[in-house]
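Asker: Have a peek at model03.cif (mmCIF, C-alpha atoms).
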data_data
#
loop_
_atom_site.label_atom_id
_atom_site.label_comp_id
_atom_site.auth_asym_id
_atom_site.auth_seq_id
_atom_site.Cartn_x
_atom_site.Cartn_y
_atom_site.Cartn_z
CA MET C 28 135.23 62.97 82.59
CA ARG C 29 135.88 64.42 79.14
CA PHE C 30 136.83 61.97 76.39
CA LEU C 31 137.09 64.49 73.53
CA PRO C 32 140.14 66.66 72.92
CA THR C 33 139.87 70.40 73.39
CA ASP C 34 140.21 72.76 70.43
CA GLU C 35 143.82 73.47 71.43
CA GLN C 36 144.64 69.78 71.66
CA SER C 37 143.00 69.13 68.29
CA ASP C 38 145.00 71.94 66.72
CA PHE C 39 148.20 70.38 68.08
CA ALA C 40 147.29 67.00 66.57
CA ARG C 41 146.46 68.62 63.22
CA THR C 42 149.79 70.45 63.23
CA LEU C 43 151.64 67.17 63.72
CA ARG C 44 149.55 65.41 61.07
CA SER C 45 150.28 68.16 58.57
CA LEU C 46 154.00 68.11 59.37
CA LEU C 47 154.21 64.34 59.03
CA GLY C 48 152.10 64.31 55.88
CA ALA C 49 154.64 66.57 54.18
CA ALA C 50 157.69 64.75 55.52
CA ALA C 51 157.89 61.69 53.21
CA VAL C 52 157.97 59.46 56.30
CA PRO C 53 158.16 56.11 54.41
CA GLY C 54 161.52 57.16 53.00
CA THR C 55 162.86 57.96 56.47
CA VAL C 56 161.62 54.59 57.76
CA ARG C 57 163.36 52.68 54.98
CA ALA C 58 166.56 54.61 55.61
CA TRP C 59 166.32 53.94 59.36
CA ALA C 60 165.89 50.22 58.70
CA ALA C 61 169.03 50.30 56.57
CA GLY C 62 171.02 51.96 59.35
CA ASP C 63 170.94 55.50 57.90
CA HIS C 64 169.63 57.66 60.74
CA ALA C 65 170.12 61.08 59.13
CA PRO C 66 166.64 61.46 57.54
CA GLY C 67 165.00 60.17 60.72
CA ARG C 68 166.98 62.56 62.90
CA ALA C 69 165.99 65.48 60.65
CA LEU C 70 162.33 64.52 61.10
CA TRP C 71 162.90 64.10 64.85
CA SER C 72 164.24 67.66 64.99
CA ARG C 73 161.14 69.01 63.24
CA LEU C 74 158.89 67.13 65.65
CA ALA C 75 160.87 68.54 68.57
CA ASP C 76 160.22 72.06 67.28
CA THR C 77 156.50 71.51 67.92
CA GLY C 78 157.25 70.86 71.62
CA LEU C 79 156.25 67.21 71.39
CA PHE C 80 159.07 65.75 73.48
CA ALA C 81 158.93 68.59 76.00
CA LEU C 82 155.46 67.39 77.06
CA ALA C 83 156.96 64.53 79.10
CA ALA C 84 158.37 66.65 81.96
CA GLY C 85 157.84 69.94 83.74
CA GLU C 86 159.24 73.45 83.54
CA ALA C 87 161.89 72.69 86.18
CA TYR C 88 163.69 70.72 83.46
CA GLU C 89 162.87 73.04 80.52
CA GLY C 90 159.78 71.01 79.65
CA LEU C 91 156.13 71.90 79.02
CA GLY C 92 154.41 69.13 80.96
CA PRO C 93 153.90 66.58 82.17
CA LEU C 94 150.88 66.46 79.83
CA PRO C 95 149.97 62.81 79.13
CA VAL C 96 146.82 63.58 77.12
CA GLU C 97 148.61 65.93 74.73
CA LEU C 98 151.52 63.52 74.42
CA ALA C 99 149.15 60.63 73.68
CA LEU C 100 147.46 62.70 70.97
CA GLY C 101 150.87 63.33 69.45
CA PHE C 102 151.80 59.67 69.54
CA VAL C 103 148.59 58.72 67.74
CA GLU C 104 149.89 60.85 64.88
CA LEU C 105 153.35 59.26 65.08
CA GLY C 106 151.71 55.84 64.83
CA ARG C 107 149.49 56.95 61.96
CA ALA C 108 152.54 58.15 60.02
CA GLY C 109 154.65 55.09 60.95
CA VAL C 110 157.53 57.16 62.37
CA ALA C 111 160.63 55.12 63.20
CA GLY C 112 162.92 55.59 66.20
CA PRO C 113 162.81 55.25 69.99
CA VAL C 114 160.08 57.85 70.49
CA VAL C 115 158.35 55.96 73.30
CA GLU C 116 161.64 55.12 74.98
CA THR C 117 162.84 58.73 74.90
CA ALA C 118 159.59 59.99 76.44
CA ALA C 119 159.57 57.22 79.07
CA ALA C 120 163.20 57.95 79.97
CA SER C 121 162.25 61.60 80.45
CA VAL C 122 159.41 60.59 82.77
CA LEU C 123 161.72 58.31 84.77
CA LEU C 124 164.40 60.96 85.22
CA ALA C 125 161.91 63.67 86.14
CA HIS C 126 160.28 61.36 88.68
CA LEU C 127 163.65 60.87 90.38
CA GLY C 128 163.82 64.61 91.05
CA ASP C 129 166.75 66.93 91.52
CA GLU C 130 168.78 64.42 93.50
CA GLY C 131 168.92 62.11 90.47
CA PRO C 132 170.51 62.63 87.07
CA ALA C 133 167.56 64.65 85.74
CA LYS C 134 169.41 67.92 85.22
CA ARG C 135 172.21 66.10 83.42
CA PHE C 136 170.05 64.42 80.77
CA LEU C 137 166.58 65.98 80.61
CA PRO C 138 167.35 69.23 78.76
CA GLY C 139 168.74 67.28 75.81
CA LEU C 140 165.89 64.76 75.78
CA LEU C 141 163.09 67.31 76.09
CA SER C 142 164.55 69.59 73.43
CA GLY C 143 164.78 66.70 70.98
CA GLY C 144 168.53 67.01 70.71
CA ASP C 145 169.13 63.57 72.23
CA LEU C 146 167.51 60.20 71.61
CA ALA C 147 167.34 57.62 74.37
CA THR C 148 166.56 53.97 74.70
CA LEU C 149 165.31 52.36 77.91
CA THR C 150 164.74 48.91 79.37
CA LEU C 151 162.64 48.42 82.50
CA PRO C 152 161.29 45.53 84.57
CA GLY C 153 157.92 44.65 83.07
CA GLY C 154 158.91 45.84 79.60
CA SER C 155 160.88 44.21 76.82
CA PRO C 156 164.31 42.83 77.81
CA TYR C 157 165.70 44.28 74.57
CA ALA C 158 166.76 47.84 73.87
CA LEU C 159 165.25 49.60 70.86
CA ASP C 160 167.52 51.53 68.48
CA ALA C 161 170.44 51.55 70.88
CA ASP C 162 172.75 52.21 67.94
CA ALA C 163 171.01 55.54 67.29
CA ALA C 164 170.52 56.61 70.91
CA ALA C 165 172.74 59.12 72.67
CA HIS C 166 171.81 57.59 76.04
CA ARG C 167 171.05 53.94 76.84
CA PHE C 168 169.29 53.65 80.20
CA THR C 169 168.46 50.39 81.94
CA VAL C 170 166.77 49.68 85.26
CA SER C 171 167.40 46.34 86.96
CA GLU C 172 164.98 44.28 89.02
CA GLY C 173 166.97 45.40 92.06
CA GLY C 174 166.29 49.07 91.41
CA GLU C 175 169.59 50.16 89.83
CA LEU C 176 169.52 52.78 87.07
CA ARG C 177 172.56 52.49 84.82
CA LEU C 178 173.83 54.14 81.68
CA ALA C 179 175.07 51.45 79.32
CA ASP C 180 178.47 51.92 77.70
CA GLY C 181 177.53 50.63 74.24
CA PRO C 182 174.62 49.54 72.07
CA GLY C 183 174.89 45.83 72.88
CA GLU C 184 174.55 42.84 70.57
CA PRO C 185 172.10 43.42 67.68
CA LEU C 186 169.15 41.04 67.31
CA ALA C 187 166.77 40.20 64.48
CA SER C 188 163.40 41.96 64.51
CA LEU C 189 160.10 41.37 62.73
CA ASP C 190 160.16 45.06 61.80
CA PRO C 191 163.53 46.07 60.30
CA ALA C 192 162.89 49.66 61.40
CA ARG C 193 162.70 48.51 65.04
CA ARG C 194 166.36 47.70 65.58
CA LEU C 195 166.70 45.61 68.74
CA SER C 196 169.74 44.71 70.81
CA ALA C 197 170.51 42.96 74.06
CA PRO C 198 171.40 45.61 76.67
CA ALA C 199 175.10 45.87 77.36
CA GLY C 200 176.05 44.86 80.90
CA GLY C 201 177.59 47.16 83.47
CA GLY C 202 177.81 50.85 82.76
CA GLU C 203 177.70 53.94 84.96
CA LEU C 204 175.46 53.66 88.03
CA LEU C 205 173.23 56.76 88.04
CA ALA C 206 170.89 55.98 90.95
CA ALA C 207 169.63 53.08 93.03
CA GLY C 208 167.01 52.21 95.63
CA PRO C 209 163.23 52.46 96.12
CA ALA C 210 163.06 55.82 94.34
CA VAL C 211 164.35 54.22 91.15
CA THR C 212 161.84 51.37 91.45
CA ALA C 213 158.98 53.86 91.87
CA ALA C 214 160.20 55.98 88.96
CA ALA C 215 160.50 52.87 86.77
CA GLY C 216 156.87 51.98 87.51
CA GLU C 217 155.78 55.46 86.47
CA ALA C 218 157.85 55.30 83.29
CA LEU C 219 156.39 51.89 82.44
CA ARG C 220 152.84 53.27 82.63
CA TRP C 221 153.75 56.13 80.30
CA ALA C 222 155.50 53.77 77.90
CA ARG C 223 152.40 51.55 77.74
CA LEU C 224 150.13 54.56 77.26
CA LEU C 225 152.20 56.01 74.42
CA THR C 226 152.58 52.63 72.73
CA ALA C 227 148.80 52.24 72.91
CA ALA C 228 148.49 55.64 71.24
CA GLN C 229 150.88 54.54 68.50
CA CYS C 230 148.83 51.38 68.01
CA LEU C 231 145.62 53.39 67.61
CA GLY C 232 147.18 55.63 64.97
CA LEU C 233 148.74 52.65 63.21
CA GLY C 234 145.41 50.82 63.10
CA GLU C 235 143.65 53.88 61.72
CA ALA C 236 146.27 54.23 58.97
CA LEU C 237 145.94 50.57 58.02
CA LEU C 238 142.16 50.78 57.92
CA ALA C 239 142.21 53.96 55.79
CA SER C 240 144.60 52.36 53.29
CA THR C 241 142.48 49.22 53.13
CA VAL C 242 139.25 51.14 52.56
CA GLU C 243 140.85 53.09 49.71
CA TYR C 244 142.14 49.88 48.15
CA ALA C 245 138.71 48.25 48.46
CA LYS C 246 137.19 51.16 46.55
CA ARG C 247 139.71 50.86 43.68
CA ARG C 248 140.15 47.10 43.35
CA SER C 249 137.49 45.41 41.23
CA GLN C 250 136.45 41.80 40.76
CA PHE C 251 133.72 40.60 38.45
CA GLY C 252 133.29 44.21 37.35
CA THR C 253 132.52 45.44 40.90
CA PRO C 254 134.71 47.18 43.51
CA ILE C 255 135.49 44.64 46.21
CA GLY C 256 134.39 47.18 48.81
CA GLY C 257 130.83 46.42 47.75
CA PHE C 258 131.09 42.75 48.77
CA GLN C 259 129.30 41.93 52.00
CA ALA C 260 132.20 39.93 53.45
CA VAL C 261 134.63 42.81 52.89
CA LYS C 262 132.18 45.32 54.36
CA HIS C 263 131.79 43.22 57.50
CA ARG C 264 135.53 42.83 57.96
CA LEU C 265 136.14 46.56 57.58
CA ALA C 266 133.27 47.37 59.94
CA ASP C 267 134.64 45.00 62.60
CA THR C 268 138.05 46.63 62.30
CA LEU C 269 136.54 50.10 62.69
CA LEU C 270 134.55 49.03 65.76
CA ALA C 271 137.65 47.61 67.44
CA LEU C 272 139.56 50.85 66.89
CA GLU C 273 136.67 53.01 68.09
CA PHE C 274 136.30 50.86 71.19
CA ALA C 275 139.99 51.40 71.99
CA ARG C 276 139.84 55.19 71.60
CA PRO C 277 137.92 56.12 74.80
CA LEU C 278 139.99 53.63 76.80
CA LEU C 279 143.11 55.42 75.61
CA TRP C 280 141.82 58.84 76.69
CA ALA C 281 140.64 57.48 80.04
CA ALA C 282 144.10 56.03 80.62
CA ALA C 283 145.78 59.31 79.65
CA LEU C 284 143.57 61.20 82.12
CA SER C 285 144.11 58.83 85.04
CA LEU C 286 147.42 57.04 84.38
CA ALA C 287 145.99 54.28 86.61
CA PRO C 288 147.85 50.99 85.99
CA GLY C 289 144.69 49.01 85.21
CA GLU C 290 143.31 51.61 82.81
CA VAL C 291 146.65 51.99 81.04
CA ALA C 292 146.91 48.21 80.65
CA ALA C 293 143.34 48.04 79.31
CA ALA C 294 144.11 50.75 76.75
CA LYS C 295 147.32 49.02 75.67
CA LEU C 296 145.53 45.67 75.37
CA THR C 297 142.59 46.94 73.30
CA ALA C 298 144.58 49.31 71.08
CA GLY C 299 147.26 46.70 70.44
CA GLU C 300 144.76 44.01 69.51
CA ALA C 301 142.82 46.48 67.34
CA ALA C 302 145.98 47.46 65.45
CA TYR C 303 146.94 43.83 64.93
CA GLY C 304 143.39 43.08 63.74
CA ALA C 305 143.64 46.01 61.30
CA ALA C 306 146.86 44.52 59.94
CA LEU C 307 145.20 41.14 59.39
CA THR C 308 142.27 42.83 57.65
CA ALA C 309 144.65 44.81 55.44
CA LEU C 310 146.47 41.64 54.40
CA GLN C 311 143.26 39.77 53.69
CA VAL C 312 141.75 42.56 51.58
CA HIS C 313 144.94 43.47 49.71
CA GLY C 314 145.83 39.86 49.03
CA ALA C 315 149.30 38.99 47.75
CA VAL C 316 150.16 42.60 46.91
CA GLY C 317 150.07 43.39 50.64
CA TYR C 318 153.19 41.28 51.20
CA THR C 319 155.39 43.19 48.78
CA GLN C 320 158.13 45.34 50.31
CA GLU C 321 157.78 47.93 47.55
CA LEU C 322 154.29 48.84 48.79
CA ASP C 323 154.39 51.37 51.61
CA LEU C 324 151.65 49.39 53.33
CA SER C 325 154.29 46.84 54.35
CA LEU C 326 155.96 49.44 56.60
CA TRP C 327 152.82 49.66 58.72
CA LEU C 328 152.03 45.94 58.56
CA ARG C 329 155.41 45.06 60.05
CA LYS C 330 154.85 47.34 63.02
CA ALA C 331 151.50 45.94 64.12
CA ARG C 332 152.61 42.86 66.02
CA PRO C 333 155.80 44.33 67.55
CA LEU C 334 153.86 47.34 68.86
CA ARG C 335 151.09 45.09 70.16
CA ASP C 336 153.68 43.23 72.25
CA ALA C 337 155.96 46.16 73.17
CA TRP C 338 155.88 47.42 76.77
CA GLY C 339 153.40 44.76 77.82
CA THR C 340 152.19 41.73 75.89
CA PRO C 341 148.43 41.09 75.73
CA SER C 342 148.74 38.45 78.46
CA ALA C 343 150.72 40.83 80.71
CA CYS C 344 148.17 43.59 80.20
CA ARG C 345 145.27 41.23 80.93
CA ALA C 346 146.96 40.20 84.16
CA GLU C 347 147.39 43.87 85.14
CA VAL C 348 143.72 44.58 84.42
CA LEU C 349 142.70 41.61 86.60
CA ARG C 350 144.97 42.75 89.44
CA ALA C 351 143.49 46.23 89.29
CA GLY C 352 139.97 44.82 89.35
CA ALA C 353 140.76 42.67 92.37
CA ARG C 354 141.98 45.64 94.43
#
Translate this file's structure into structure tokens.

Answerer:
Amino acid sequence: MRFLPTDEQSDFARTLRSLLGAAAVPGTVRAWAAGDHAPGRALWSRLADTGLFALAAGEAYEGLGPLPVELALGFVELGRAGVAGPVVETAAASVLLAHLGDEGPAKRFLPGLLSGGDLATLTLPGGSPYALDADAAAHRFTVSEGGELRLADGPGEPLASLDPARRLSAPAGGGELLAAGPAVTAAAGEALRWARLLTAAQCLGLGEALLASTVEYAKRRSQFGTPIGGFQAVKHRLADTLLALEFARPLLWAAALSLAPGEVAAAKLTAGEAAYGAALTALQVHGAVGYTQELDLSLWLRKARPLRDAWGTPSACRAEVLRAGAR
């Protein structure tokens, strides 16, 4: 089993990193948090031009996939840049619709989702009960415990969120019934695995960005005439953070290769905890300045815990890993 990306995959990741590095992403995140979606949609369109969203489904629906490894590589870069919006939900909705096949609503919705023209939000059994960015989404999909796929009529009641750029709402009841039955339940399970995988990829990128910012700060900030990065306690904390992220990386690639429920849950668990640990390290090393909203670091700090818990809390992922080990 290969755990390193190919040259082509690495080139794709570098293309995304370069695009995002030139896109002034923090400004789009602040605008998104304030309810102004225009800068975020413009960035979304540029990401779509790379074929990123088309990787979630096959050529039958004008896609390029399904290619979970390539999509995970892309989502690492989205996490590293701190991109706002329902990126995971749109990809997971594409997976769900494609898994339903031609008899479902795939042909109605997938072309717009895969091209990047439409944003979607999605709630599933086993995921969060709240819809992400429903006010910005063109389509609001929800799957019930009974296996009904519906298209919600409106964005639902807004809720407070730890991360202002993750705008949550309670799903609106009712809506158009798109499909129902065992096929929907099976497709929802597939979509949940992809959502966990891509959230794990976001967490890995987020953790790497936090660690890089913290290392740079430790080199610049001095106490007693010495950069704080030279202090043994700071070195140990940074090293522990790096080890946690590097431990999560091969688990992420193994999960992308297999899409096995236990491996996906293990990747989500380790990457989520590593990202949250990186956030705690960043706060400890930066001190009080790390709490200020004016510092771009705060945009990443606020994402760490919500992403750790999105699409499977640590306890839910541990339970899935145990179930997989018992089989």

Asker: Given the file above and the PyMOL selection byres ((chain C and resi 90) around 9), which residues are selected, and can you give them as a ChimeraX atom specification?

Answerer: /C:78,80-89,91-93,137-138,141-142

Asker: May I have the residues within 6 Å of Ala228 of chain C as number ranges by chain, using all atoms listed in the file and disregarding those fewer than 6 positions away in the same chain?

Answerer: C: 99, 102-103

Asker: Between C:Gly109, C:Gly173, C:Gly144, C:Pro341, which one has atoms that come closest to Arg329 of chain C, using all atoms listed in the file?

Answerer: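 Closest candidate: C:Gly109.
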
Asker: Determine the residue set returned by the PyMOL selection byres ((chain C and resi 227) around 7) for the present structure, and present it as a PyMOL selection string.

Answerer: chain C and resi 223-226+228-231+294-295+298-299

Asker: To verify the selection step, state as a list in words which residues the PyMOL selection byres ((chain C and resi 305) around 9) yields on this input.

Answerer: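 Taken over the shown coordinates, the PyMOL selection byres ((chain C and resi 305) around 9) returns Leu233, Gly234, Glu235, Ala236, Leu237, Leu238, Thr241, Leu265, Thr268, Leu269, Ala271, Leu272, Glu300, Ala301, Ala302, Tyr303, Gly304, Ala306, Leu307, Thr308, Ala309, Leu310, Leu328 and Ala331 of chain C.
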
Asker: Can you pull out the residues contacting Glu97 of chain C? Cut-off 9 Å, using all atoms listed in the file, and skip same-chain residues under 2 positions away; I want them as a PyMOL selection string.

Answerer: chain C and resi 32+36+39-40+79+82+94-95+99-102+283

Asker: Take atom CA of Gly208 of chain C and atom CA of Ala119 of chain C and report the distance between them in Å, one decimal.

Answerer: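 Straight-line distance from atom CA of Gly208 of chain C to atom CA of Ala119 of chain C works out to 18.8 Å.
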
Asker: Tell me which protein, DNA and RNA residues are within 9 Å of segment 41-50 of chain C, counting only C-alpha atoms, leaving out same-chain ones fewer than 3 positions away, and put them as a list in words.

Answerer: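 Within the cut-off, the hits are Gln36, Ser37, Asp38, Pro53, Gly54, Thr55, Leu70, Arg73, Leu74, Thr77, Leu79, Gly101, Glu104, Leu105, Arg107, Ala108 and Val110 of chain C.
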
Asker: Restricting the calculation to only C-alpha atoms: of C:Gly352, C:Gly317, C:Pro132, C:Gly62, which residue gets closest to Leu204 of chain C?

Answerer: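 Once distances to Leu204 of chain C are computed over only C-alpha atoms, the minimum belongs to C:Pro132.
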
Asker: Taking only C-alpha atoms into account, name the residue in C:Arg248, C:Arg220, C:His64, C:Arg264 that is nearest to Ala282 of chain C.

Answerer: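 Looking at the shortest contact to Ala282 of chain C, the residue is C:Arg220.
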
Asker: If we count all atoms listed in the file and set the cut-off at 9 Å, which residues sit around Thr212 of chain C, ignoring sequence neighbours fewer than 2 positions away in its own chain? Please answer as a VMD selection string.

Answerer: chain C and resid 170 to 176 207 to 210 214 to 217

Asker: Enter the distance from atom CA of Lys262 of chain C to atom CA of Ala239 of chain C, in Å, rounded to one decimal.

Answerer: 13.3 Å

Asker: Please indicate the distance in Å from atom CA of Arg194 of chain C to atom CA of Ala111 of chain C, rounded to one decimal place.

Answerer: 9.7 Å

Asker: Which residue out of C:Pro66, C:Pro254, C:Pro113, C:Gly153 has the minimum interatomic distance to Ser342 of chain C when all atoms listed in the file are used?

Answerer: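 Closest candidate: C:Gly153.
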